[in-house]
Amino acid sequence: MVLPPYPIFIALQFLTTIPVLLKQLPRDEDMGRSLLYYPLVGLLIGGLLAAFAAGLSHLSSPTTAPLVAALTLIIWVLLTGGLHLDGLADSVDALMGGFGDRQKTLEIMKDPTSGPMGVISLVLVLLVKFAALWLAIGMQNWLGILIAPLLGRTALIALFLTTPYVRKGGLGALISKHMPKQTSLLVMLIALTITVAIAGINAVWSLLACAAAFIALRALFLSRLGGTTGDSAGALVELTEMMTLVVVVLAIS
């Protein structure tokens, strides 16, 4: 699809592998405004995943829930291009290998290769997601699958609103500089309200857990990096999604 460089299409192109081509390079201001549409793209991802899992589960028996969970997780990774998983691995490698040295931590984070701790973090997060998807599909509970990507990308707005971006250049720096802060805050509140409207009390538990994780991760980023980077933002998305899935499944089981 060849589309105008509107902020919503910029967000869709960056956050997913849906084939979106822009007619021209977007303006810096539009890059910043694209952040406003991150929760909407997250809701689209969640809706596609929930529909896929529900469709397969209705065509199969309860004993095939593990297979449906594995296929759903594969679609999840393919739909996002592993963007945030890459950030998670780089962040864990850097935070573990930087030994408290800010400059060394940032240098390790730029390394395109993944070390042992980064690989382990990917395996563990994907394992927990798979187990949570298995349980959710077995219970015919689509709420966690629907709202996890929404909350993951809403967390990005909170991160950019409250945390300085420490790298010069790149998409993250443009977003941090040109994001409309007041509108971003409003969009974040709307996204959280929609989450509660969709999932009810289960969303409240997820929001509390995600808020606690956000506070802890932000404090870690500030102490070790002096702020956030694109990689640490990706790590936040992955851990928020995982936390949401787990809490919703435990709340309903």
# chains A, B, ... in the order shown; residues from 1 in each chain; ligands from 1
>>> residues_around(residues="Leu85 (chain A)", least_positions_apart="6", cutoff="10 Å", atoms="only C-alpha atoms", output="PDB file with N, CA and C atoms, in the first residue's frame")
ATOM      1  N   VAL A  77       5.163 -12.436  16.512  1.00  0.00           N
ATOM      2  CA  VAL A  77       6.539 -12.035  16.201  1.00  0.00           C
ATOM      3  C   VAL A  77       6.645 -11.560  14.757  1.00  0.00           C
ATOM      4  N   SER A  91      19.035  -4.586  25.379  1.00  0.00           N
ATOM      5  CA  SER A  91      18.979  -3.928  26.686  1.00  0.00           C
ATOM      6  C   SER A  91      19.524  -4.825  27.787  1.00  0.00           C
ATOM      7  N   GLY A 118      21.253 -11.805  26.579  1.00  0.00           N
ATOM      8  CA  GLY A 118      20.206 -11.322  25.688  1.00  0.00           C
ATOM      9  C   GLY A 118      19.385 -12.465  25.126  1.00  0.00           C
ATOM     10  N   VAL A 119      20.060 -13.529  24.705  1.00  0.00           N
ATOM     11  CA  VAL A 119      19.360 -14.699  24.173  1.00  0.00           C
ATOM     12  C   VAL A 119      18.498 -15.348  25.249  1.00  0.00           C
ATOM     13  N   SER A 121      17.150 -13.904  27.809  1.00  0.00           N
ATOM     14  CA  SER A 121      15.980 -13.050  28.070  1.00  0.00           C
ATOM     15  C   SER A 121      14.902 -13.279  27.021  1.00  0.00           C
ATOM     16  N   LEU A 122      15.293 -13.450  25.759  1.00  0.00           N
ATOM     17  CA  LEU A 122      14.322 -13.717  24.699  1.00  0.00           C
ATOM     18  C   LEU A 122      13.609 -15.043  24.934  1.00  0.00           C
ATOM     19  N   VAL A 125      11.149 -14.692  28.009  1.00  0.00           N
ATOM     20  CA  VAL A 125       9.958 -13.877  27.735  1.00  0.00           C
ATOM     21  C   VAL A 125       9.025 -14.605  26.770  1.00  0.00           C
ATOM     22  N   LEU A 126       9.576 -15.191  25.722  1.00  0.00           N
ATOM     23  CA  LEU A 126       8.742 -15.932  24.770  1.00  0.00           C
ATOM     24  C   LEU A 126       8.127 -17.164  25.418  1.00  0.00           C
ATOM     25  N   ASP A 231      16.163   0.877  22.240  1.00  0.00           N
ATOM     26  CA  ASP A 231      16.234  -0.504  22.719  1.00  0.00           C
ATOM     27  C   ASP A 231      15.528  -0.676  24.056  1.00  0.00           C
ATOM     28  N   GLY A 234      11.911  -0.725  23.562  1.00  0.00           N
ATOM     29  CA  GLY A 234      11.453  -2.031  23.090  1.00  0.00           C
ATOM     30  C   GLY A 234      11.351  -3.043  24.213  1.00  0.00           C
ATOM     31  N   ALA A 235      12.319  -3.013  25.125  1.00  0.00           N
ATOM     32  CA  ALA A 235      12.267  -3.908  26.279  1.00  0.00           C
ATOM     33  C   ALA A 235      11.023  -3.639  27.116  1.00  0.00           C
ATOM     34  N   LEU A 236      10.693  -2.366  27.278  1.00  0.00           N
ATOM     35  CA  LEU A 236       9.495  -2.000  28.037  1.00  0.00           C
ATOM     36  C   LEU A 236       8.241  -2.582  27.385  1.00  0.00           C
ATOM     37  N   VAL A 237       8.160  -2.515  26.067  1.00  0.00           N
ATOM     38  CA  VAL A 237       6.992  -3.055  25.364  1.00  0.00           C
ATOM     39  C   VAL A 237       6.861  -4.549  25.622  1.00  0.00           C
ATOM     40  N   GLU A 238       7.947  -5.285  25.435  1.00  0.00           N
ATOM     41  CA  GLU A 238       7.900  -6.742  25.604  1.00  0.00           C
ATOM     42  C   GLU A 238       7.504  -7.136  27.030  1.00  0.00           C
ATOM     43  N   LEU A 239       8.090  -6.489  28.008  1.00  0.00           N
ATOM     44  CA  LEU A 239       7.812  -6.846  29.402  1.00  0.00           C
ATOM     45  C   LEU A 239       6.399  -6.423  29.809  1.00  0.00           C
TER      46      LEU A 239
END
>>> closest_atom_pairs(of="region 25-80 of chain A", to="region 144-156 of chain A", cutoff="10 Å", atoms="only C-alpha atoms", output="CSV")
residue,atom,partner,partner_atom,distance
A:Leu35,CA,A:Leu156,CA,8.2
A:Leu36,CA,A:Thr154,CA,9.1
A:Tyr37,CA,A:Arg153,CA,9.1
A:Tyr38,CA,A:Arg153,CA,5.6
A:Pro39,CA,A:Thr154,CA,5.1
A:Leu40,CA,A:Leu150,CA,7.1
A:Val41,CA,A:Leu150,CA,7.5
A:Gly42,CA,A:Leu150,CA,4.1
A:Leu43,CA,A:Leu150,CA,4.8
A:Leu44,CA,A:Leu150,CA,8.2
A:Ile45,CA,A:Pro149,CA,6.4
A:Gly46,CA,A:Leu146,CA,4.1
A:Gly47,CA,A:Leu146,CA,5.5
A:Leu48,CA,A:Leu146,CA,8.3
A:Leu49,CA,A:Ile145,CA,6.7
A:Ala50,CA,A:Ile145,CA,5.6
A:Ala51,CA,A:Leu146,CA,8.9
A:Ala53,CA,A:Ile145,CA,8.8
A:Thr72,CA,A:Ile145,CA,9.6
A:Trp76,CA,A:Pro149,CA,9.5
>>> write_last_selection(atoms="N, CA and C atoms", output="mmCIF file, in the first residue's frame")
data_model
loop_
_atom_site.group_PDB
_atom_site.id
_atom_site.type_symbol
_atom_site.label_atom_id
_atom_site.label_comp_id
_atom_site.auth_asym_id
_atom_site.auth_seq_id
_atom_site.Cartn_x
_atom_site.Cartn_y
_atom_site.Cartn_z
ATOM 1 N N LEU A 35 3.555 9.081 17.407
ATOM 2 C CA LEU A 35 3.458 8.457 18.725
ATOM 3 C C LEU A 35 2.016 8.414 19.222
ATOM 4 N N LEU A 36 1.215 9.389 18.813
ATOM 5 C CA LEU A 36 -0.177 9.452 19.249
ATOM 6 C C LEU A 36 -0.982 8.234 18.779
ATOM 7 N N TYR A 37 -0.513 7.585 17.734
ATOM 8 C CA TYR A 37 -1.270 6.467 17.147
ATOM 9 C C TYR A 37 -0.711 5.107 17.565
ATOM 10 N N TYR A 38 0.307 5.104 18.409
ATOM 11 C CA TYR A 38 0.859 3.836 18.855
ATOM 12 C C TYR A 38 -0.183 2.951 19.550
ATOM 13 N N PRO A 39 -0.995 3.493 20.479
ATOM 14 C CA PRO A 39 -2.002 2.625 21.110
ATOM 15 C C PRO A 39 -2.999 2.052 20.102
ATOM 16 N N LEU A 40 -3.367 2.853 19.096
ATOM 17 C CA LEU A 40 -4.300 2.363 18.081
ATOM 18 C C LEU A 40 -3.689 1.214 17.298
ATOM 19 N N VAL A 41 -2.422 1.339 16.936
ATOM 20 C CA VAL A 41 -1.735 0.240 16.244
ATOM 21 C C VAL A 41 -1.647 -0.973 17.165
ATOM 22 N N GLY A 42 -1.396 -0.741 18.451
ATOM 23 C CA GLY A 42 -1.373 -1.842 19.409
ATOM 24 C C GLY A 42 -2.711 -2.558 19.479
ATOM 25 N N LEU A 43 -3.792 -1.792 19.458
ATOM 26 C CA LEU A 43 -5.127 -2.401 19.483
ATOM 27 C C LEU A 43 -5.381 -3.196 18.212
ATOM 28 N N LEU A 44 -4.894 -2.702 17.088
ATOM 29 C CA LEU A 44 -5.020 -3.441 15.828
ATOM 30 C C LEU A 44 -4.263 -4.767 15.907
ATOM 31 N N ILE A 45 -3.034 -4.723 16.434
ATOM 32 C CA ILE A 45 -2.247 -5.953 16.579
ATOM 33 C C ILE A 45 -2.975 -6.932 17.497
ATOM 34 N N GLY A 46 -3.445 -6.440 18.632
ATOM 35 C CA GLY A 46 -4.169 -7.300 19.567
ATOM 36 C C GLY A 46 -5.422 -7.891 18.955
ATOM 37 N N GLY A 47 -6.148 -7.080 18.182
ATOM 38 C CA GLY A 47 -7.364 -7.574 17.540
ATOM 39 C C GLY A 47 -7.074 -8.674 16.526
ATOM 40 N N LEU A 48 -6.026 -8.492 15.745
ATOM 41 C CA LEU A 48 -5.653 -9.510 14.766
ATOM 42 C C LEU A 48 -5.221 -10.808 15.442
ATOM 43 N N LEU A 49 -4.448 -10.684 16.523
ATOM 44 C CA LEU A 49 -3.988 -11.871 17.238
ATOM 45 C C LEU A 49 -5.151 -12.599 17.910
ATOM 46 N N ALA A 50 -6.044 -11.841 18.541
ATOM 47 C CA ALA A 50 -7.194 -12.456 19.215
ATOM 48 C C ALA A 50 -8.102 -13.148 18.201
ATOM 49 N N ALA A 51 -8.307 -12.504 17.045
ATOM 50 C CA ALA A 51 -9.148 -13.106 16.011
ATOM 51 C C ALA A 51 -8.507 -14.377 15.466
ATOM 52 N N ALA A 53 -6.313 -16.385 17.051
ATOM 53 C CA ALA A 53 -6.364 -17.438 18.071
ATOM 54 C C ALA A 53 -7.772 -17.976 18.244
ATOM 55 N N THR A 72 0.000 -18.641 17.326
ATOM 56 C CA THR A 72 -0.339 -17.245 17.652
ATOM 57 C C THR A 72 0.915 -16.457 17.994
ATOM 58 N N TRP A 76 2.485 -13.256 16.112
ATOM 59 C CA TRP A 76 2.803 -12.053 16.894
ATOM 60 C C TRP A 76 4.190 -11.534 16.536
#
>>> residues_around(residues="Val249 (chain A)", least_positions_apart="6", cutoff="7 Å", atoms="only C-alpha atoms", output="tab-separated table (two decimals) with N, CA and C atoms, in the first residue's frame")
chain	number	residue	atom	x	y	z
A	132	ALA	N	1.28	-18.34	28.79
A	132	ALA	CA	0.09	-17.52	29.05
A	132	ALA	C	-0.91	-17.64	27.91
A	135	LEU	N	-2.76	-20.99	28.21
A	135	LEU	CA	-3.83	-20.95	29.21
A	135	LEU	C	-5.00	-20.10	28.74
A	136	ALA	N	-4.71	-18.95	28.13
A	136	ALA	CA	-5.78	-18.07	27.66
A	136	ALA	C	-6.63	-18.75	26.61
>>> residues_around(residues="Thr63 (chain A)", least_positions_apart="6", cutoff="12 Å", atoms="only C-alpha atoms", output="ChimeraX atom specification")
/A:57,69,134-135,137-139
>>> closest_residue(among="A:Ile74, A:Gly87, A:Thr229, A:Asp28", to="Lys168 (chain A)", atoms="only C-alpha atoms")
A:Thr229
>>> closest_residue(among="A:Leu21, A:Leu71, A:Glu107, A:Leu143", to="Ala197 (chain A)", atoms="only C-alpha atoms")
A:Leu143
>>> closest_residue(among="A:Val204, A:Ile157, A:Leu56, A:Ile175", to="Pro7 (chain A)", atoms="only C-alpha atoms")
A:Ile175
>>> closest_residue(among="A:Phe52, A:Thr105, A:Leu225, A:Thr162", to="Leu73 (chain A)", atoms="only C-alpha atoms")
A:Phe52
>>> closest_residue(among="A:Val166, A:Ala89, A:Ala94, A:Ala219", to="Leu124 (chain A)", atoms="only C-alpha atoms")
A:Ala89
